[in-house]
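Content type CSV, N, CA and C atoms, from the file entry-v7.csv:
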```csv
chain,number,residue,atom,x,y,z
A,340,MET,N,-10.1,-35.7,58.8
A,340,MET,CA,-10.6,-37.0,59.1
A,340,MET,C,-10.0,-38.1,58.2
A,341,LYS,N,-9.7,-39.2,58.8
A,341,LYS,CA,-9.1,-40.3,58.0
A,341,LYS,C,-9.7,-41.6,58.4
A,342,THR,N,-9.5,-42.6,57.6
A,342,THR,CA,-10.0,-44.0,58.0
A,342,THR,C,-8.8,-44.8,58.4
A,343,THR,N,-9.0,-45.6,59.4
A,343,THR,CA,-8.1,-46.6,59.9
A,343,THR,C,-8.7,-47.9,59.6
A,344,ASN,N,-8.1,-48.8,58.8
A,344,ASN,CA,-8.7,-50.1,58.5
A,344,ASN,C,-8.4,-51.1,59.6
A,345,LYS,N,-9.4,-51.8,60.0
A,345,LYS,CA,-9.2,-52.8,61.0
A,345,LYS,C,-10.1,-54.0,60.5
A,346,ALA,N,-10.0,-55.1,61.2
A,346,ALA,CA,-10.7,-56.3,60.7
A,346,ALA,C,-12.2,-56.0,60.6
A,347,ALA,N,-12.8,-55.2,61.4
A,347,ALA,CA,-14.2,-55.0,61.3
A,347,ALA,C,-14.6,-53.9,60.3
A,348,GLY,N,-13.7,-53.4,59.6
A,348,GLY,CA,-14.0,-52.4,58.6
A,348,GLY,C,-13.4,-51.0,58.9
A,349,PRO,N,-13.7,-50.0,58.2
A,349,PRO,CA,-13.2,-48.7,58.4
A,349,PRO,C,-13.6,-48.1,59.8
A,350,VAL,N,-12.7,-47.4,60.3
A,350,VAL,CA,-13.0,-46.7,61.6
A,350,VAL,C,-12.8,-45.2,61.3
A,351,LEU,N,-13.8,-44.4,61.6
A,351,LEU,CA,-13.7,-43.0,61.4
A,351,LEU,C,-12.9,-42.3,62.5
A,352,VAL,N,-12.0,-41.4,62.1
A,352,VAL,CA,-11.1,-40.7,63.1
A,352,VAL,C,-11.4,-39.3,62.9
A,353,GLN,N,-11.9,-38.7,64.0
A,353,GLN,CA,-12.3,-37.3,63.9
A,353,GLN,C,-11.1,-36.4,64.3
A,354,LYS,N,-10.8,-35.4,63.5
A,354,LYS,CA,-9.7,-34.5,63.7
A,354,LYS,C,-10.2,-33.2,64.4
A,355,GLU,N,-11.4,-32.9,64.1
A,355,GLU,CA,-12.0,-31.6,64.7
A,355,GLU,C,-13.2,-32.0,65.5
A,356,THR,N,-13.7,-31.0,66.2
A,356,THR,CA,-14.8,-31.3,67.1
A,356,THR,C,-16.2,-31.1,66.4
A,357,ASN,N,-16.2,-30.9,65.1
A,357,ASN,CA,-17.4,-30.7,64.4
A,357,ASN,C,-18.3,-32.0,64.4
A,358,ARG,N,-19.5,-31.8,64.3
A,358,ARG,CA,-20.5,-32.9,64.2
A,358,ARG,C,-20.3,-33.7,62.9
A,359,LEU,N,-20.3,-35.0,63.0
A,359,LEU,CA,-20.3,-35.8,61.8
A,359,LEU,C,-21.7,-36.1,61.3
A,360,THR,N,-21.8,-36.3,60.0
A,360,THR,CA,-23.1,-36.6,59.4
A,360,THR,C,-23.0,-37.9,58.7
A,361,VAL,N,-23.9,-38.9,59.1
A,361,VAL,CA,-23.8,-40.2,58.6
A,361,VAL,C,-25.2,-40.6,58.1
A,362,PHE,N,-25.2,-41.3,56.9
A,362,PHE,CA,-26.5,-41.8,56.4
A,362,PHE,C,-26.3,-43.4,56.4
A,363,VAL,N,-27.4,-44.0,56.9
A,363,VAL,CA,-27.4,-45.5,56.9
A,363,VAL,C,-28.6,-46.0,56.1
A,364,ASP,N,-28.4,-47.2,55.6
A,364,ASP,CA,-29.5,-47.9,54.9
A,364,ASP,C,-29.3,-49.4,54.9
A,365,GLY,N,-30.4,-50.1,54.9
A,365,GLY,CA,-30.4,-51.6,54.8
A,365,GLY,C,-31.4,-52.0,53.8
A,366,SER,N,-31.1,-53.2,53.3
A,366,SER,CA,-32.0,-53.8,52.3
A,366,SER,C,-32.2,-55.3,52.7
A,367,GLY,N,-33.5,-55.7,52.8
A,367,GLY,CA,-33.8,-57.1,53.1
A,367,GLY,C,-33.6,-58.0,52.0
A,368,SER,N,-33.6,-59.3,52.3
A,368,SER,CA,-33.3,-60.3,51.3
A,368,SER,C,-34.5,-60.6,50.4
A,369,LYS,N,-34.1,-61.2,49.3
A,369,LYS,CA,-35.1,-61.6,48.3
A,369,LYS,C,-35.8,-62.9,48.9
A,370,PRO,N,-36.8,-63.4,48.3
A,370,PRO,CA,-37.5,-64.6,48.9
A,370,PRO,C,-36.6,-65.8,49.0
A,371,ASP,N,-35.5,-65.9,48.2
A,371,ASP,CA,-34.6,-67.0,48.3
A,371,ASP,C,-33.5,-66.8,49.4
A,372,GLY,N,-33.6,-65.7,50.2
A,372,GLY,CA,-32.7,-65.4,51.3
A,372,GLY,C,-31.4,-64.7,50.9
A,373,THR,N,-31.3,-64.3,49.6
A,373,THR,CA,-30.0,-63.7,49.2
A,373,THR,C,-30.2,-62.2,49.0
A,374,ARG,N,-29.1,-61.5,48.8
A,374,ARG,CA,-29.0,-60.1,48.4
A,374,ARG,C,-29.4,-59.1,49.5
A,375,SER,N,-29.5,-59.5,50.7
A,375,SER,CA,-29.7,-58.5,51.8
A,375,SER,C,-28.3,-57.9,52.2
A,376,GLY,N,-28.4,-56.7,52.7
A,376,GLY,CA,-27.1,-56.0,53.1
A,376,GLY,C,-27.4,-54.7,53.7
A,377,PHE,N,-26.3,-54.0,54.0
A,377,PHE,CA,-26.5,-52.7,54.6
A,377,PHE,C,-25.3,-51.8,54.2
A,378,ALA,N,-25.5,-50.5,54.4
A,378,ALA,CA,-24.4,-49.6,54.1
A,378,ALA,C,-24.5,-48.3,55.0
A,379,TRP,N,-23.4,-47.7,55.1
A,379,TRP,CA,-23.4,-46.4,55.8
A,379,TRP,C,-22.3,-45.5,55.0
A,380,ILE,N,-22.6,-44.2,55.0
A,380,ILE,CA,-21.6,-43.3,54.4
A,380,ILE,C,-21.6,-42.0,55.3
A,381,CYS,N,-20.4,-41.6,55.6
A,381,CYS,CA,-20.2,-40.4,56.4
A,381,CYS,C,-20.0,-39.3,55.3
A,382,THR,N,-20.9,-38.4,55.2
A,382,THR,CA,-20.8,-37.4,54.2
A,382,THR,C,-19.8,-36.3,54.6
A,383,THR,N,-19.5,-36.3,55.8
A,383,THR,CA,-18.5,-35.3,56.3
A,383,THR,C,-17.1,-35.7,55.8
A,384,THR,N,-16.8,-37.0,55.8
A,384,THR,CA,-15.5,-37.5,55.4
A,384,THR,C,-15.4,-38.3,54.1
A,385,GLN,N,-16.6,-38.7,53.6
A,385,GLN,CA,-16.8,-39.6,52.5
A,385,GLN,C,-16.4,-41.0,52.7
A,386,GLU,N,-16.1,-41.4,53.9
A,386,GLU,CA,-15.9,-42.8,54.2
A,386,GLU,C,-17.2,-43.5,54.1
A,387,LYS,N,-17.1,-44.8,53.8
A,387,LYS,CA,-18.3,-45.6,53.6
A,387,LYS,C,-18.0,-47.1,53.8
A,388,ARG,N,-19.1,-47.8,54.1
A,388,ARG,CA,-19.0,-49.3,54.2
A,388,ARG,C,-20.2,-49.9,53.6
A,389,VAL,N,-20.1,-50.9,52.8
A,389,VAL,CA,-21.2,-51.7,52.3
A,389,VAL,C,-20.9,-53.1,52.6
A,390,GLU,N,-21.9,-53.8,53.1
A,390,GLU,CA,-21.7,-55.2,53.5
A,390,GLU,C,-22.9,-56.0,53.0
A,391,ARG,N,-22.7,-57.2,52.5
A,391,ARG,CA,-23.8,-58.1,52.1
A,391,ARG,C,-23.8,-59.2,53.1
A,392,VAL,N,-25.0,-59.5,53.6
A,392,VAL,CA,-25.2,-60.5,54.6
A,392,VAL,C,-26.6,-61.2,54.2
A,393,SER,N,-26.5,-62.4,53.9
A,393,SER,CA,-27.7,-63.1,53.4
A,393,SER,C,-28.7,-63.3,54.6
A,394,GLY,N,-30.0,-63.4,54.3
A,394,GLY,CA,-31.0,-63.8,55.3
A,394,GLY,C,-31.5,-62.7,56.2
A,395,LEU,N,-31.2,-61.4,56.0
A,395,LEU,CA,-31.7,-60.4,56.9
A,395,LEU,C,-33.0,-59.9,56.4
A,396,THR,N,-33.9,-59.6,57.3
A,396,THR,CA,-35.1,-58.9,57.0
A,396,THR,C,-34.7,-57.4,56.7
A,397,ASN,N,-35.6,-56.6,56.2
A,397,ASN,CA,-35.4,-55.2,55.9
A,397,ASN,C,-35.0,-54.5,57.2
A,398,ASN,N,-35.8,-54.7,58.3
A,398,ASN,CA,-35.6,-54.0,59.5
A,398,ASN,C,-34.3,-54.4,60.2
A,399,GLN,N,-34.0,-55.7,60.1
A,399,GLN,CA,-32.7,-56.2,60.6
A,399,GLN,C,-31.5,-55.5,59.9
A,400,ALA,N,-31.6,-55.4,58.6
A,400,ALA,CA,-30.6,-54.7,57.8
A,400,ALA,C,-30.5,-53.3,58.1
A,401,GLU,N,-31.6,-52.6,58.4
A,401,GLU,CA,-31.5,-51.2,58.8
A,401,GLU,C,-30.8,-51.0,60.1
A,402,TYR,N,-31.1,-51.9,61.1
A,402,TYR,CA,-30.4,-51.8,62.3
A,402,TYR,C,-28.9,-52.1,62.2
A,403,ARG,N,-28.6,-53.1,61.4
A,403,ARG,CA,-27.2,-53.5,61.2
A,403,ARG,C,-26.4,-52.4,60.6
A,404,ALA,N,-27.0,-51.6,59.7
A,404,ALA,CA,-26.4,-50.4,59.1
A,404,ALA,C,-26.1,-49.4,60.2
A,405,PHE,N,-27.0,-49.2,61.1
A,405,PHE,CA,-26.9,-48.2,62.2
A,405,PHE,C,-25.8,-48.7,63.1
A,406,ILE,N,-25.8,-49.9,63.5
A,406,ILE,CA,-24.8,-50.5,64.4
A,406,ILE,C,-23.4,-50.4,63.7
A,407,ALA,N,-23.3,-50.7,62.5
A,407,ALA,CA,-22.0,-50.7,61.8
A,407,ALA,C,-21.4,-49.3,61.8
A,408,ALA,N,-22.3,-48.3,61.5
A,408,ALA,CA,-21.9,-46.9,61.6
A,408,ALA,C,-21.4,-46.5,63.0
A,409,LEU,N,-22.2,-46.9,64.0
A,409,LEU,CA,-21.8,-46.5,65.4
A,409,LEU,C,-20.5,-47.2,65.7
A,410,THR,N,-20.3,-48.4,65.3
A,410,THR,CA,-19.0,-49.1,65.6
A,410,THR,C,-17.8,-48.4,65.0
A,411,ALA,N,-18.0,-47.8,63.8
A,411,ALA,CA,-16.9,-47.1,63.1
A,411,ALA,C,-16.5,-45.8,63.7
A,412,LEU,N,-17.4,-45.2,64.5
A,412,LEU,CA,-17.2,-43.9,65.1
A,412,LEU,C,-16.2,-43.9,66.2
A,413,PRO,N,-15.3,-42.9,66.3
A,413,PRO,CA,-14.4,-42.8,67.4
A,413,PRO,C,-15.2,-42.4,68.7
A,414,ASP,N,-14.6,-42.7,69.8
A,414,ASP,CA,-15.3,-42.4,71.1
A,414,ASP,C,-15.5,-40.9,71.3
A,415,GLY,N,-16.6,-40.6,71.9
A,415,GLY,CA,-16.9,-39.2,72.3
A,415,GLY,C,-17.4,-38.3,71.2
A,416,VAL,N,-17.7,-38.7,70.1
A,416,VAL,CA,-18.1,-37.8,69.0
A,416,VAL,C,-19.6,-37.5,69.0
A,417,CYS,N,-19.9,-36.4,68.4
A,417,CYS,CA,-21.3,-36.0,68.1
A,417,CYS,C,-21.6,-36.4,66.7
A,418,VAL,N,-22.7,-37.1,66.4
A,418,VAL,CA,-23.0,-37.5,65.1
A,418,VAL,C,-24.5,-37.4,64.9
A,419,GLU,N,-24.9,-36.9,63.7
A,419,GLU,CA,-26.2,-36.9,63.2
A,419,GLU,C,-26.4,-38.0,62.2
A,420,VAL,N,-27.3,-38.9,62.5
A,420,VAL,CA,-27.5,-40.1,61.6
A,420,VAL,C,-28.8,-39.9,60.9
A,421,PHE,N,-28.8,-40.2,59.6
A,421,PHE,CA,-30.1,-40.1,58.8
A,421,PHE,C,-30.4,-41.5,58.3
A,422,SER,N,-31.7,-41.9,58.4
A,422,SER,CA,-32.1,-43.2,57.9
A,422,SER,C,-33.5,-43.0,57.3
A,423,ASP,N,-33.8,-43.8,56.3
A,423,ASP,CA,-35.1,-43.8,55.7
A,423,ASP,C,-36.1,-44.8,56.3
A,424,SER,N,-35.6,-45.4,57.4
A,424,SER,CA,-36.4,-46.4,58.1
A,424,SER,C,-37.2,-45.8,59.2
A,425,GLN,N,-38.5,-45.7,59.0
A,425,GLN,CA,-39.4,-45.1,60.1
A,425,GLN,C,-39.3,-46.0,61.3
A,426,VAL,N,-39.3,-47.4,61.1
A,426,VAL,CA,-39.3,-48.3,62.2
A,426,VAL,C,-38.0,-48.1,63.1
A,427,LEU,N,-36.8,-48.0,62.4
A,427,LEU,CA,-35.6,-47.8,63.2
A,427,LEU,C,-35.7,-46.4,64.0
A,428,CYS,N,-36.0,-45.4,63.3
A,428,CYS,CA,-36.1,-44.1,63.9
A,428,CYS,C,-37.0,-44.0,65.1
A,429,CYS,N,-38.2,-44.6,64.9
A,429,CYS,CA,-39.3,-44.5,65.9
A,429,CYS,C,-39.0,-45.5,67.1
A,430,GLN,N,-38.4,-46.6,66.8
A,430,GLN,CA,-38.1,-47.5,67.9
A,430,GLN,C,-36.9,-46.9,68.7
A,431,PHE,N,-36.0,-46.3,68.0
A,431,PHE,CA,-34.8,-45.7,68.7
A,431,PHE,C,-35.2,-44.6,69.6
A,432,ASP,N,-36.2,-43.8,69.2
A,432,ASP,CA,-36.6,-42.6,70.1
A,432,ASP,C,-37.7,-43.0,71.0
A,433,GLY,N,-38.2,-44.3,71.0
A,433,GLY,CA,-39.2,-44.7,71.9
A,433,GLY,C,-40.7,-44.5,71.4
A,434,THR,N,-40.9,-43.9,70.3
A,434,THR,CA,-42.2,-43.7,69.8
A,434,THR,C,-42.9,-45.0,69.5
A,435,TYR,N,-42.2,-46.0,68.9
A,435,TYR,CA,-42.7,-47.3,68.7
A,435,TYR,C,-42.1,-48.3,69.7
A,436,LYS,N,-42.9,-49.2,70.2
A,436,LYS,CA,-42.4,-50.3,71.0
A,436,LYS,C,-41.8,-51.3,70.1
A,437,VAL,N,-40.8,-52.0,70.6
A,437,VAL,CA,-40.2,-53.1,69.9
A,437,VAL,C,-40.8,-54.4,70.3
A,438,HIS,N,-41.5,-55.0,69.3
A,438,HIS,CA,-42.2,-56.3,69.6
A,438,HIS,C,-41.3,-57.5,69.1
A,439,ASP,N,-40.5,-57.3,68.1
A,439,ASP,CA,-39.7,-58.4,67.5
A,439,ASP,C,-38.5,-58.6,68.4
A,440,PRO,N,-38.3,-59.8,68.9
A,440,PRO,CA,-37.2,-60.0,69.8
A,440,PRO,C,-35.8,-59.8,69.1
A,441,ASP,N,-35.7,-60.1,67.8
A,441,ASP,CA,-34.4,-59.9,67.1
A,441,ASP,C,-34.1,-58.4,67.0
A,442,LEU,N,-35.1,-57.6,66.8
A,442,LEU,CA,-34.9,-56.1,66.7
A,442,LEU,C,-34.6,-55.6,68.1
A,443,ALA,N,-35.2,-56.1,69.1
A,443,ALA,CA,-34.9,-55.7,70.5
A,443,ALA,C,-33.5,-55.9,70.8
A,444,ILE,N,-32.9,-57.0,70.4
A,444,ILE,CA,-31.5,-57.3,70.6
A,444,ILE,C,-30.6,-56.3,69.9
A,445,LEU,N,-31.0,-56.0,68.6
A,445,LEU,CA,-30.2,-55.0,67.8
A,445,LEU,C,-30.3,-53.6,68.4
A,446,LEU,N,-31.5,-53.2,68.9
A,446,LEU,CA,-31.6,-51.9,69.5
A,446,LEU,C,-30.8,-51.8,70.8
A,447,SER,N,-30.8,-52.9,71.6
A,447,SER,CA,-29.9,-52.9,72.8
A,447,SER,C,-28.5,-52.8,72.4
A,448,GLN,N,-28.0,-53.5,71.4
A,448,GLN,CA,-26.6,-53.4,70.9
A,448,GLN,C,-26.3,-51.9,70.5
A,449,ALA,N,-27.2,-51.3,69.8
A,449,ALA,CA,-26.9,-49.9,69.4
A,449,ALA,C,-26.9,-49.0,70.7
A,450,GLN,N,-27.8,-49.2,71.6
A,450,GLN,CA,-27.8,-48.3,72.8
A,450,GLN,C,-26.5,-48.6,73.6
A,451,SER,N,-26.1,-49.8,73.7
A,451,SER,CA,-24.9,-50.2,74.4
A,451,SER,C,-23.6,-49.5,73.8
A,452,LEU,N,-23.6,-49.6,72.5
A,452,LEU,CA,-22.4,-48.9,71.8
A,452,LEU,C,-22.4,-47.4,72.1
A,453,ILE,N,-23.5,-46.8,72.0
A,453,ILE,CA,-23.6,-45.4,72.3
A,453,ILE,C,-23.1,-45.0,73.7
A,454,GLU,N,-23.5,-45.8,74.6
A,454,GLU,CA,-23.1,-45.6,76.0
A,454,GLU,C,-21.6,-45.9,76.2
A,455,GLN,N,-21.2,-47.1,75.7
A,455,GLN,CA,-19.8,-47.5,75.9
A,455,GLN,C,-18.8,-46.5,75.2
A,456,LYS,N,-19.2,-46.0,74.1
A,456,LYS,CA,-18.3,-45.1,73.3
A,456,LYS,C,-18.6,-43.6,73.6
A,457,ASN,N,-19.5,-43.3,74.6
A,457,ASN,CA,-19.8,-42.0,75.0
A,457,ASN,C,-20.1,-41.1,73.8
A,458,LEU,N,-21.0,-41.6,72.9
A,458,LEU,CA,-21.4,-40.9,71.7
A,458,LEU,C,-22.6,-40.0,72.0
A,459,SER,N,-22.7,-38.9,71.2
A,459,SER,CA,-23.9,-38.1,71.2
A,459,SER,C,-24.5,-38.3,69.8
A,460,VAL,N,-25.7,-39.0,69.8
A,460,VAL,CA,-26.3,-39.4,68.6
A,460,VAL,C,-27.7,-38.8,68.4
A,461,THR,N,-27.9,-38.3,67.3
A,461,THR,CA,-29.2,-37.8,66.8
A,461,THR,C,-29.6,-38.7,65.6
A,462,LEU,N,-30.7,-39.3,65.7
A,462,LEU,CA,-31.2,-40.2,64.6
A,462,LEU,C,-32.4,-39.5,64.0
A,463,ARG,N,-32.3,-39.2,62.7
A,463,ARG,CA,-33.4,-38.5,62.0
A,463,ARG,C,-33.9,-39.3,60.8
A,464,TRP,N,-35.2,-39.3,60.5
A,464,TRP,CA,-35.8,-39.9,59.3
A,464,TRP,C,-35.6,-39.0,58.1
A,465,VAL,N,-35.3,-39.5,57.0
A,465,VAL,CA,-35.2,-38.8,55.7
A,465,VAL,C,-36.0,-39.6,54.7
A,466,PRO,N,-36.5,-39.0,53.7
A,466,PRO,CA,-37.1,-39.8,52.6
A,466,PRO,C,-36.1,-40.6,51.9
A,467,ARG,N,-36.5,-41.7,51.3
A,467,ARG,CA,-35.6,-42.7,50.7
A,467,ARG,C,-34.7,-42.0,49.6
A,468,ASN,N,-35.3,-41.1,48.8
A,468,ASN,CA,-34.6,-40.4,47.7
A,468,ASN,C,-33.5,-39.4,48.2
A,469,ARG,N,-33.5,-39.1,49.5
A,469,ARG,CA,-32.5,-38.3,50.1
A,469,ARG,C,-31.5,-39.0,50.9
A,470,ASN,N,-31.6,-40.3,50.9
A,470,ASN,CA,-30.6,-41.2,51.7
A,470,ASN,C,-29.4,-41.5,50.9
A,471,ALA,N,-28.3,-40.9,51.2
A,471,ALA,CA,-27.1,-41.0,50.4
A,471,ALA,C,-26.6,-42.5,50.5
A,472,ALA,N,-26.8,-43.2,51.6
A,472,ALA,CA,-26.3,-44.6,51.7
A,472,ALA,C,-27.1,-45.5,50.8
A,473,GLY,N,-28.3,-45.2,50.5
A,473,GLY,CA,-29.1,-46.1,49.7
A,473,GLY,C,-28.6,-46.3,48.3
A,474,LYS,N,-27.8,-45.4,47.8
A,474,LYS,CA,-27.2,-45.5,46.5
A,474,LYS,C,-26.1,-46.5,46.4
A,475,HIS,N,-25.7,-47.0,47.5
A,475,HIS,CA,-24.6,-48.0,47.6
A,475,HIS,C,-25.1,-49.4,47.7
A,476,LEU,N,-26.4,-49.6,47.8
A,476,LEU,CA,-26.9,-51.0,48.0
A,476,LEU,C,-27.4,-51.5,46.6
```

Turn the structure described in the file into structure tokens.
Amino acid sequence: MKTTNKAAGPVLVQKETNRLTVFVDGSGSKPDGTRSGFAWICTTTQEKRVERVSGLTNNQAEYRAFIAALTALPDGVCVEVFSDSQVLCCQFDGTYKVHDPDLAILLSQAQSLIEQKNLSVTLRWVPRNRNAAGKHL
């Protein structure tokens, strides 16, 4: 597996048909609107991305981490994604309804990416202390 750098950040390139493992995490902004961001790390390949974006809520940052990871994946791969966001995991699997219109847009973007890229995605919740991506924020 290697990384190809493009304007949007690293792109994971899968050499084998093994499942990839990716951890995602987001961090909402402080009261002044600064310091929010998101990160993902592929523990299969050690590729990662960390991005700071001001003004995100915690849930928006969690979704942005998931979308950034999906964007970096090559078409047609199987990936197991881990997040410490119960909201993200439960909205993605349909357990929770999405009431926030901004989160509904982000969920739709994630679903569209999965369909367009023909990805097989499993999203699982993990405790915060087991989320490898959280160490990068």

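One finds atom N of Asp423 in chain A at 6.4 Å from atom N of Val363 in chain A.
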
### Query
Which residue out of A:Thr396, A:Thr360, A:Arg388, A:Pro413 has the minimum interatomic distance to Arg374 in chain A when only C-alpha atoms are used?
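Selected residue with least distance to Arg374 in chain A: A:Thr396.
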
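The closest residue to Ala443 in chain A, picked from A:Leu359, A:Leu458, A:Ala408, A:Leu427 and counting only C-alpha atoms, is A:Leu427.
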
### Message
Residues of chain A classed as helix (DSSP H, G or I) by DSSP on the backbone are to be reported as a PyMOL selection string.
### Response
chain A and resi 397-411+425-431+440-455+467-469+471-475

### Query
Interatomic distance between atom C of Gln385 in chain A and atom N of Lys456 in chain A?
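Distance reported for this atom pair: 22.2 Å.
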
With only N, CA and C atoms counted, which protein, DNA or RNA residues have an atom no more than 8 Å from (-36.6, -36.8, 58.9) in the file frame? Please answer as a PDB file with N, CA and C atoms, in the frame of the given file.
```
ATOM      1  N   PHE A 421     -28.800 -40.200  59.600  1.00  0.00           N
ATOM      2  CA  PHE A 421     -30.100 -40.100  58.800  1.00  0.00           C
ATOM      3  C   PHE A 421     -30.400 -41.500  58.300  1.00  0.00           C
ATOM      4  N   SER A 422     -31.700 -41.900  58.400  1.00  0.00           N
ATOM      5  CA  SER A 422     -32.100 -43.200  57.900  1.00  0.00           C
ATOM      6  C   SER A 422     -33.500 -43.000  57.300  1.00  0.00           C
ATOM      7  N   ASP A 423     -33.800 -43.800  56.300  1.00  0.00           N
ATOM      8  CA  ASP A 423     -35.100 -43.800  55.700  1.00  0.00           C
ATOM      9  C   ASP A 423     -36.100 -44.800  56.300  1.00  0.00           C
ATOM     10  N   LEU A 462     -30.700 -39.300  65.700  1.00  0.00           N
ATOM     11  CA  LEU A 462     -31.200 -40.200  64.600  1.00  0.00           C
ATOM     12  C   LEU A 462     -32.400 -39.500  64.000  1.00  0.00           C
ATOM     13  N   ARG A 463     -32.300 -39.200  62.700  1.00  0.00           N
ATOM     14  CA  ARG A 463     -33.400 -38.500  62.000  1.00  0.00           C
ATOM     15  C   ARG A 463     -33.900 -39.300  60.800  1.00  0.00           C
ATOM     16  N   TRP A 464     -35.200 -39.300  60.500  1.00  0.00           N
ATOM     17  CA  TRP A 464     -35.800 -39.900  59.300  1.00  0.00           C
ATOM     18  C   TRP A 464     -35.600 -39.000  58.100  1.00  0.00           C
ATOM     19  N   VAL A 465     -35.300 -39.500  57.000  1.00  0.00           N
ATOM     20  CA  VAL A 465     -35.200 -38.800  55.700  1.00  0.00           C
ATOM     21  C   VAL A 465     -36.000 -39.600  54.700  1.00  0.00           C
ATOM     22  N   PRO A 466     -36.500 -39.000  53.700  1.00  0.00           N
ATOM     23  CA  PRO A 466     -37.100 -39.800  52.600  1.00  0.00           C
ATOM     24  C   PRO A 466     -36.100 -40.600  51.900  1.00  0.00           C
TER      25      PRO A 466
END
```

### Task
Go ahead and compute the interatomic distance for CA of Ala472 in chain A and CA of Gly376 in chain A, in Å to one decimal.
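Spanning CA of Ala472 in chain A to CA of Gly376 in chain A is a straight-line distance of 11.5 Å.
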
### Query
Any idea what's packed within 8 Å of Leu445 in chain A, counting all atoms listed in the file, ignoring anything in its chain fewer than 6 positions away? Could you give it as a list in words?
Gln399, Tyr402, Arg403, Ile406, Asp439 and Ser451 of chain A

Which residues are near range 414-416 of chain A? Cut-off 7 Å, all atoms listed in the file, ignore same chain within fewer than 2 positions. Put them as a short mmCIF file (atom, residue, chain, number, x, y, z; two decimals) with N, CA and C atoms, in the frame of the given file.
```cif
data_model
loop_
_atom_site.label_atom_id
_atom_site.label_comp_id
_atom_site.auth_asym_id
_atom_site.auth_seq_id
_atom_site.Cartn_x
_atom_site.Cartn_y
_atom_site.Cartn_z
N ARG A 358 -19.50 -31.80 64.30
CA ARG A 358 -20.50 -32.90 64.20
C ARG A 358 -20.30 -33.70 62.90
N LEU A 359 -20.30 -35.00 63.00
CA LEU A 359 -20.30 -35.80 61.80
C LEU A 359 -21.70 -36.10 61.30
N LEU A 412 -17.40 -45.20 64.50
CA LEU A 412 -17.20 -43.90 65.10
C LEU A 412 -16.20 -43.90 66.20
N VAL A 418 -22.70 -37.10 66.40
CA VAL A 418 -23.00 -37.50 65.10
C VAL A 418 -24.50 -37.40 64.90
N GLN A 455 -21.20 -47.10 75.70
CA GLN A 455 -19.80 -47.50 75.90
C GLN A 455 -18.80 -46.50 75.20
N LYS A 456 -19.20 -46.00 74.10
CA LYS A 456 -18.30 -45.10 73.30
C LYS A 456 -18.60 -43.60 73.60
N ASN A 457 -19.50 -43.30 74.60
CA ASN A 457 -19.80 -42.00 75.00
C ASN A 457 -20.10 -41.10 73.80
N LEU A 458 -21.00 -41.60 72.90
CA LEU A 458 -21.40 -40.90 71.70
C LEU A 458 -22.60 -40.00 72.00
N SER A 459 -22.70 -38.90 71.20
CA SER A 459 -23.90 -38.10 71.20
C SER A 459 -24.50 -38.30 69.80
N VAL A 460 -25.70 -39.00 69.80
CA VAL A 460 -26.30 -39.40 68.60
C VAL A 460 -27.70 -38.80 68.40
#
```

### Message
When you count only C-alpha atoms, which of these residues is closest to Thr382 in chain A: A:Glu454, A:Asp441, A:Asp432, A:Glu419?
### Response
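Nearest candidate to Thr382 in chain A out of A:Glu454, A:Asp441, A:Asp432, A:Glu419: A:Glu419.
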
### Message
So, with only N, CA and C atoms as the atoms that count, which of A:Thr373, A:Leu452, A:Lys436, A:Gln430 lies closest to Leu409 in chain A?
### Response
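Answer, going by the shortest atom-to-atom distance: A:Leu452.
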
Contacts of Leu395 in chain A at 5 Å (all atoms listed in the file; same-chain gap of 3+ positions) as an mmCIF file with N, CA and C atoms, keeping the file's coordinate frame:
```
data_model
loop_
_atom_site.group_PDB
_atom_site.id
_atom_site.type_symbol
_atom_site.label_atom_id
_atom_site.label_comp_id
_atom_site.auth_asym_id
_atom_site.auth_seq_id
_atom_site.Cartn_x
_atom_site.Cartn_y
_atom_site.Cartn_z
ATOM 1 N N GLY A 367 -33.500 -55.700 52.800
ATOM 2 C CA GLY A 367 -33.800 -57.100 53.100
ATOM 3 C C GLY A 367 -33.600 -58.000 52.000
ATOM 4 N N SER A 368 -33.600 -59.300 52.300
ATOM 5 C CA SER A 368 -33.300 -60.300 51.300
ATOM 6 C C SER A 368 -34.500 -60.600 50.400
ATOM 7 N N VAL A 392 -25.000 -59.500 53.600
ATOM 8 C CA VAL A 392 -25.200 -60.500 54.600
ATOM 9 C C VAL A 392 -26.600 -61.200 54.200
#
```

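The smallest atom-to-atom distance between Ala378 in chain A and any of A:Ile453, A:Val361, A:Cys417, A:Ala404, using only N, CA and C atoms, is found for A:Ala404.
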
### Task
Give the answer as one residue: which of A:Thr434, A:Asn468, A:Thr461, A:Asn397 has the shortest atom-to-atom distance to Gly372 in chain A, using only C-alpha atoms?
A:Asn397
